[in-house]
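S.K.: Have a look at this one.
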Amino acid sequence: MDQQRQILWVTWSVLVLSLGIYAGVAALGIKSSNNPDLEFAHLMATALFVLAIPTAGLTFILRNRLITRPITRGSLDPSSPSGAQKLMRGFMLTWVISEAVGIWGLVLWFLSGSWSLFLPLLIAGAFLLGWHAPREALFTRPATLEDLAAGRGTIG
């Protein structure tokens, strides 16, 4: 399981670092045009900001359905090989969708060269990745009432 945790943390870290690369691209001033079509960029910004709200909500739903709820109900044991694979899939899906929000900010940067369009989505993507980091509590099943009565705390 320790190797599983390392893989999750390394993967998560790479995704967070990629958001930093997006900011670096913007800081270097790399954009698609020196004369952007601001009307189109604002139209896309409206669409992507509106889309970001349900997308962010989707990350919480996925994490709950694929990770949190199965672990707390005891149907997902992260310490077993099959449970570790399910945990990895749940995190990956949640993180990729979180990362998409930051990527949309980069798209807006390329379209507009505007920090005010770029940064909110980049920050939202970073927030989502931070919120969905692989926390230690997710690697163990909660104890049954019998285990708690015997003083064993958690299983895993």
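Lettering and numbering for the structure tokens are positional, with chains as A, B, ... in the shown order, residues counted from 1 in each chain, and ligands counted from 1 in the shown order.
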What's around Ala23 (chain A) at 10 Å? Count only C-alpha atoms, leave out sequence neighbours fewer than 2 positions away in its own chain, and write the answer as a list in words.
M.R.: Leu17, Ser18, Leu19, Gly20, Ile21, Val25, Ala26, Ala27, Leu28, Gly29, Gly102, Gly105, Leu106, Trp109, Trp115, Phe118, Leu119 and Leu122 of chain A
S.K.: Restricting it to N, CA and C atoms, dump the selection as a short mmCIF file (atom, residue, chain, number, x, y, z; two decimals), in the first residue's frame.
M.R.:
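Ended up saving to again31.cif:
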data_model
loop_
_atom_site.label_atom_id
_atom_site.label_comp_id
_atom_site.auth_asym_id
_atom_site.auth_seq_id
_atom_site.Cartn_x
_atom_site.Cartn_y
_atom_site.Cartn_z
N LEU A 17 1.80 20.60 -10.43
CA LEU A 17 2.92 21.29 -11.09
C LEU A 17 2.55 21.73 -12.51
N SER A 18 1.72 20.95 -13.17
CA SER A 18 1.33 21.34 -14.53
C SER A 18 0.54 22.64 -14.50
N LEU A 19 -0.23 22.88 -13.44
CA LEU A 19 -0.91 24.17 -13.32
C LEU A 19 0.12 25.30 -13.22
N GLY A 20 1.22 25.03 -12.55
CA GLY A 20 2.31 26.01 -12.49
C GLY A 20 2.92 26.26 -13.85
N ILE A 21 3.01 25.23 -14.66
CA ILE A 21 3.52 25.39 -16.02
C ILE A 21 2.58 26.28 -16.83
N VAL A 25 3.60 29.69 -18.73
CA VAL A 25 3.32 30.02 -20.14
C VAL A 25 2.70 31.41 -20.22
N ALA A 26 1.76 31.68 -19.34
CA ALA A 26 1.12 33.00 -19.34
C ALA A 26 2.11 34.09 -18.95
N ALA A 27 2.95 33.82 -17.95
CA ALA A 27 3.93 34.81 -17.50
C ALA A 27 4.93 35.14 -18.61
N LEU A 28 5.25 34.17 -19.44
CA LEU A 28 6.16 34.41 -20.56
C LEU A 28 5.48 35.16 -21.70
N GLY A 29 4.18 35.32 -21.59
CA GLY A 29 3.45 36.06 -22.60
C GLY A 29 3.16 35.29 -23.87
N GLY A 102 -8.46 24.13 -14.84
CA GLY A 102 -7.25 24.94 -15.03
C GLY A 102 -6.84 25.05 -16.49
N GLY A 105 -8.64 27.72 -18.26
CA GLY A 105 -8.02 29.04 -18.04
C GLY A 105 -6.90 29.29 -19.04
N LEU A 106 -6.10 28.26 -19.30
CA LEU A 106 -5.02 28.41 -20.27
C LEU A 106 -5.58 28.67 -21.67
N TRP A 109 -6.38 32.18 -21.83
CA TRP A 109 -5.15 32.97 -21.97
C TRP A 109 -4.73 33.03 -23.44
N TRP A 115 -5.12 38.19 -18.03
CA TRP A 115 -4.95 37.55 -16.73
C TRP A 115 -6.29 37.42 -16.01
N PHE A 118 -7.84 34.31 -17.28
CA PHE A 118 -7.01 33.12 -17.05
C PHE A 118 -6.99 32.69 -15.59
N LEU A 119 -6.70 33.65 -14.69
CA LEU A 119 -6.44 33.30 -13.29
C LEU A 119 -7.61 32.66 -12.54
N LEU A 122 -7.61 28.99 -13.41
CA LEU A 122 -6.39 28.35 -12.91
C LEU A 122 -6.47 28.15 -11.40
#
S.K.: Hey, what's within 10 Å of Leu108 (chain A) if we count only C-alpha atoms and toss same-chain stuff fewer than 3 positions away? As a PyMOL selection string, please?
M.R.: chain A and resi 31+41-42+44-45+48+103-105+111-119+121
S.K.: My list of candidates is A:Ser98, A:Thr11, A:Gln6, A:Asn34. Which is closest to Thr55 (chain A) when distances are computed with only C-alpha atoms?
M.R.: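 Answer, going by the shortest atom-to-atom distance: A:Ser98.
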S.K.: For Leu76 (chain A), list every protein, DNA or RNA residue within 8 Å, evaluated using only C-alpha atoms, and leave out those in the same chain fewer than 4 positions away; present the list as a ChimeraX atom specification.
M.R.: /A:67,70-71,83,86,141
S.K.: So, counting only C-alpha atoms, which residue among A:Ile97, A:Phe40, A:Leu87, A:Arg73 is closest to Ile53 (chain A)?
M.R.: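 Between A:Ile97, A:Phe40, A:Leu87, A:Arg73, the residue approaching Ile53 (chain A) most closely is A:Ile97.
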S.K.: Return the single residue from A:Ser79, A:Gly24, A:Thr59, A:Pro36 that is closest to Gly125 (chain A), with distances computed using only C-alpha atoms.
M.R.: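 Of A:Ser79, A:Gly24, A:Thr59, A:Pro36, the one nearest Gly125 (chain A), counting only C-alpha atoms, is A:Thr59.
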